[in-house]
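K.L.:
Dropping the structure in here first, questions after.
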Amino acid sequence: MLHKLIEEYGGYCFDPKGKVTVCTPWNVMLFLSYPGEGFRSYWTDSGGFRNPYMVNWLRQLRPYGLGLRGLSDFIFSGYTKQLCLKEITRHIESIDTNEDAAVFPYFQLLLQTGYFTIKERISSKNSRQFTEYVVGVPNKEVLDLFKDKIVEELTRNQRVDHLAKLDYSYGRKLRAAVRSGNIQEMQLQLNRLINIFPSGTLHEFNEANLTALLRIILHLLDFKLTNKAKLLSEQFDLAFENTKTIYLLYLKVIKDCSGIEDACNAVQEQHRQCTPKGSSRSGSDLTRKQIFKYVMVIIRDPLTGNDALEPEIIKAFRAVAAASYEPVRRLVLLKAPEE
């Protein structure tokens, strides 16, 4: 029980050595008063979720022209960043949001209002003001709040405005397809997922931004993203795994259906060059997991580019249209590269 309380409501640190942590008294008091209701997000329910400074800070992580790299780095660092004591204790003179967003101290404000806390003291230099700390999200309640707000910002869709809805509507079906190894179903669910994001989510709809978006969303949906692909080569854009299988994906974004063949040929050539002659291109890695490699082609305008659309395109488009609540703006095809 104590471990669960700390996980949900604890983690706050005011100790200069970064060792002693405490729980939120408000949450603990309400939990002990109503234990039958379980571990509710009492702080979130009291209004924390509507904090505009969190929204503005998350938007700062992906400024115009930089796509999703800042947001991706924040998530994959474990929702942490490294600061010196002087930055942590910065004096905030005003919270006037009409100030220049580039200089407004959003992070320090979030730190001082409980969205972040000291996680670890990592070094001590000549001056106490330059002692360095790892600062991060304190507990599960706040982490879930961040995840919900990230989903809301990326989808901007009232029907899928927090993580639980995204997971229920899309994540569970995609996980089931991955577990079963059903590539057609995996393709369908990736199509459903990719079409919930409005055009404004990506500054430019290209491989780099789309890879960052998919990494963020798959991570939030509890997919185990892997770096084991680096043991094999540096050629893959996205890799994730389950208990038995690793999926390695090449990612290609094309304008319309006329570019499918060229995209596949380009990946095929890349595949040949990056895989040494005589080596196994499929099979098992060092953990004895089965490896599957696919080209993931994302077509930005799937109904143009060819006078007569291929039956494969028509079939895939109809399947996505029948299974989706959203209009089909993009189309995903999964193709296995030739060995």
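The way I read the labels, and the way they are meant: chains A, B, ... in the order of the structure tokens, residue 1 as the first residue of every chain, and ligand 1 as the first ligand shown, with later ones counted on from there.
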Excluding Phe240 (chain A) and its own-chain neighbours fewer than 3 positions away, which residues fall within 8 Å of it when counting only C-alpha atoms? Please give them as a list in words.
P.N.:
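Close residues of Phe240 (chain A): Phe223, Lys224, Leu225, Thr226, Ile246, Tyr247 and Leu248 of chain A.
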K.L.:
How would the residues just chosen look if you wrote them out with all heavy atoms as a CSV table (one decimal), in the first residue's frame?
P.N.:
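Dumped everything to again_12.csv:
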chain,number,residue,atom,x,y,z
A,223,PHE,N,3.8,0.6,-26.3
A,223,PHE,CA,4.6,-0.2,-27.2
A,223,PHE,C,6.1,-0.1,-26.7
A,223,PHE,O,6.5,1.0,-26.3
A,223,PHE,CB,4.5,0.2,-28.7
A,223,PHE,CG,3.3,-0.3,-29.3
A,223,PHE,CD1,2.1,0.3,-29.2
A,223,PHE,CD2,3.3,-1.5,-30.1
A,223,PHE,CE1,1.0,-0.1,-29.9
A,223,PHE,CE2,2.2,-2.0,-30.7
A,223,PHE,CZ,1.0,-1.3,-30.6
A,224,LYS,N,6.8,-1.2,-26.8
A,224,LYS,CA,8.2,-1.2,-26.4
A,224,LYS,C,9.0,-0.9,-27.6
A,224,LYS,O,9.3,-1.7,-28.4
A,224,LYS,CB,8.6,-2.6,-25.8
A,224,LYS,CG,10.0,-2.6,-25.3
A,224,LYS,CD,10.4,-4.0,-24.7
A,224,LYS,CE,11.8,-4.0,-24.2
A,224,LYS,NZ,12.2,-5.3,-23.7
A,225,LEU,N,9.4,0.4,-27.7
A,225,LEU,CA,10.3,0.8,-28.8
A,225,LEU,C,11.7,0.3,-28.5
A,225,LEU,O,12.1,0.4,-27.3
A,225,LEU,CB,10.2,2.3,-28.9
A,225,LEU,CG,8.8,2.9,-29.2
A,225,LEU,CD1,8.9,4.4,-29.4
A,225,LEU,CD2,8.2,2.3,-30.5
A,226,THR,N,12.3,-0.1,-29.5
A,226,THR,CA,13.6,-0.8,-29.3
A,226,THR,C,14.8,-0.1,-30.0
A,226,THR,O,14.5,0.4,-31.1
A,226,THR,CB,13.5,-2.3,-29.7
A,226,THR,OG1,14.8,-2.9,-29.4
A,226,THR,CG2,13.2,-2.4,-31.1
A,246,ILE,N,10.3,-8.7,-33.1
A,246,ILE,CA,10.8,-7.3,-33.4
A,246,ILE,C,10.3,-6.9,-34.8
A,246,ILE,O,10.6,-7.7,-35.7
A,246,ILE,CB,12.3,-7.2,-33.2
A,246,ILE,CG1,12.7,-7.5,-31.8
A,246,ILE,CG2,12.8,-5.8,-33.6
A,246,ILE,CD1,14.2,-7.5,-31.6
A,247,TYR,N,9.7,-5.8,-34.9
A,247,TYR,CA,9.3,-5.2,-36.2
A,247,TYR,C,10.2,-4.0,-36.5
A,247,TYR,O,10.3,-3.1,-35.7
A,247,TYR,CB,7.9,-4.8,-36.2
A,247,TYR,CG,6.9,-5.9,-36.1
A,247,TYR,CD1,6.4,-6.3,-34.8
A,247,TYR,CD2,6.4,-6.6,-37.2
A,247,TYR,CE1,5.5,-7.4,-34.7
A,247,TYR,CE2,5.5,-7.6,-37.1
A,247,TYR,CZ,5.1,-8.0,-35.8
A,247,TYR,OH,4.2,-9.1,-35.7
A,248,LEU,N,10.9,-4.1,-37.7
A,248,LEU,CA,11.8,-3.1,-38.1
A,248,LEU,C,11.1,-2.4,-39.4
A,248,LEU,O,10.8,-3.1,-40.3
A,248,LEU,CB,13.1,-3.6,-38.5
A,248,LEU,CG,13.8,-4.4,-37.4
A,248,LEU,CD1,15.1,-5.0,-37.9
A,248,LEU,CD2,14.1,-3.5,-36.2
K.L.:
List the neighbours of region 112-116 of chain A out to 7 Å using only C-alpha atoms; skip same-chain residues closer than 3 positions along the sequence, and give me the result as a PyMOL selection string.
P.N.:
chain A and resi 108-109+135-138+142
K.L.:
Residues at most 8 Å from region 183-196 of chain A, counting only C-alpha atoms, excluding those fewer than 5 positions away in the same chain, as a list in words?
P.N.:
Thr155, Asn157, Tyr170, Lys173, Leu174, Ala177, Val178, Ala316, Ala319, Val320, Ala323, Ser324, Glu326, Pro327, Val328, Arg329, Arg330, Leu331, Val332, Leu333 and Leu334 of chain A
K.L.:
Would you please extract all strand (DSSP E) residues from region 156-276 of chain A, as assigned by DSSP on the backbone, and give them as number ranges by chain?
P.N.:
A: 224-225, 238-241, 245-256
K.L.:
What's the 8 Å shell around region 22-31 of chain A, counting only C-alpha atoms, without same-chain residues fewer than 4 positions away, as a PyMOL selection string?
P.N.:
chain A and resi 5-6+9-13+35+37-43
K.L.:
Among region 115-213 of chain A, which ones does DSSP place in alpha helix (DSSP H), written as number ranges by chain?
P.N.:
A: 140-155, 163-166, 172-180, 183-194, 207-213
K.L.:
Would you save the residues from that selection as a compact mmCIF listing (two decimals), in the first residue's frame, using C-alpha atoms?
P.N.:
# COMPACT_ATOMS: atom_id res chain seq x y z
CA LYS A 140 2.12 8.73 -11.84
CA GLU A 141 -0.68 11.23 -11.31
CA VAL A 142 1.34 14.06 -12.89
CA LEU A 143 2.79 11.78 -15.57
CA ASP A 144 -0.71 10.71 -16.65
CA LEU A 145 -1.68 14.38 -16.77
CA PHE A 146 1.25 15.11 -19.12
CA LYS A 147 0.34 12.16 -21.34
CA ASP A 148 -3.28 13.29 -21.61
CA LYS A 149 -2.26 16.84 -22.48
CA ILE A 150 0.23 15.62 -25.12
CA VAL A 151 -2.48 13.50 -26.76
CA GLU A 152 -4.89 16.45 -26.70
CA GLU A 153 -2.32 18.76 -28.26
CA LEU A 154 -1.33 16.31 -31.00
CA THR A 155 -4.81 15.15 -32.00
CA LEU A 163 -4.81 8.90 -23.54
CA ALA A 164 -7.53 6.54 -22.28
CA LYS A 165 -9.69 7.29 -25.34
CA LEU A 166 -6.75 6.94 -27.70
CA ARG A 172 -5.68 -2.08 -27.96
CA LYS A 173 -6.52 -3.11 -31.54
CA LEU A 174 -3.04 -2.26 -32.81
CA ARG A 175 -1.45 -4.21 -29.95
CA ALA A 176 -3.67 -7.21 -30.74
CA ALA A 177 -2.61 -7.09 -34.40
CA VAL A 178 1.06 -6.93 -33.43
CA ARG A 179 0.69 -9.84 -30.98
CA SER A 180 -1.00 -12.01 -33.59
CA ILE A 183 0.07 -7.70 -41.08
CA GLN A 184 -3.17 -6.77 -42.85
CA GLU A 185 -4.79 -5.93 -39.52
CA MET A 186 -1.66 -4.06 -38.43
CA GLN A 187 -1.80 -2.02 -41.64
CA LEU A 188 -5.48 -1.24 -41.04
CA GLN A 189 -4.91 -0.10 -37.45
CA LEU A 190 -1.89 2.04 -38.42
CA ASN A 191 -4.12 3.67 -41.04
CA ARG A 192 -6.80 4.40 -38.46
CA LEU A 193 -4.20 5.85 -36.10
CA ILE A 194 -2.39 8.03 -38.63
CA GLU A 207 9.79 11.10 -42.80
CA ALA A 208 11.56 12.83 -39.90
CA ASN A 209 8.46 14.46 -38.43
CA LEU A 210 6.28 11.42 -39.01
CA THR A 211 8.84 9.14 -37.37
CA ALA A 212 8.89 11.43 -34.31
CA LEU A 213 5.08 11.45 -34.18
K.L.:
Which residues, written as a PyMOL selection string, have at least one atom at most 10 Å from Gly70 (chain A), with only C-alpha atoms counted and residues fewer than 4 positions away on the same chain left out?
P.N.:
chain A and resi 58-63+66+74-75+212
K.L.:
Work out how far CA of Glu8 (chain A) is from CA of Trp57 (chain A), in Å to one decimal.
P.N.:
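Value for the CA of Trp57 (chain A)-CA of Glu8 (chain A) distance: 23.3 Å.
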K.L.:
Compare A:Ala321, A:Val134, A:Asp256, A:Pro302 by their minimum atom-to-atom distance to Ser77 (chain A), counting only C-alpha atoms, and give me the closest one.
P.N.:
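Nearest candidate to Ser77 (chain A) out of A:Ala321, A:Val134, A:Asp256, A:Pro302: A:Val134.
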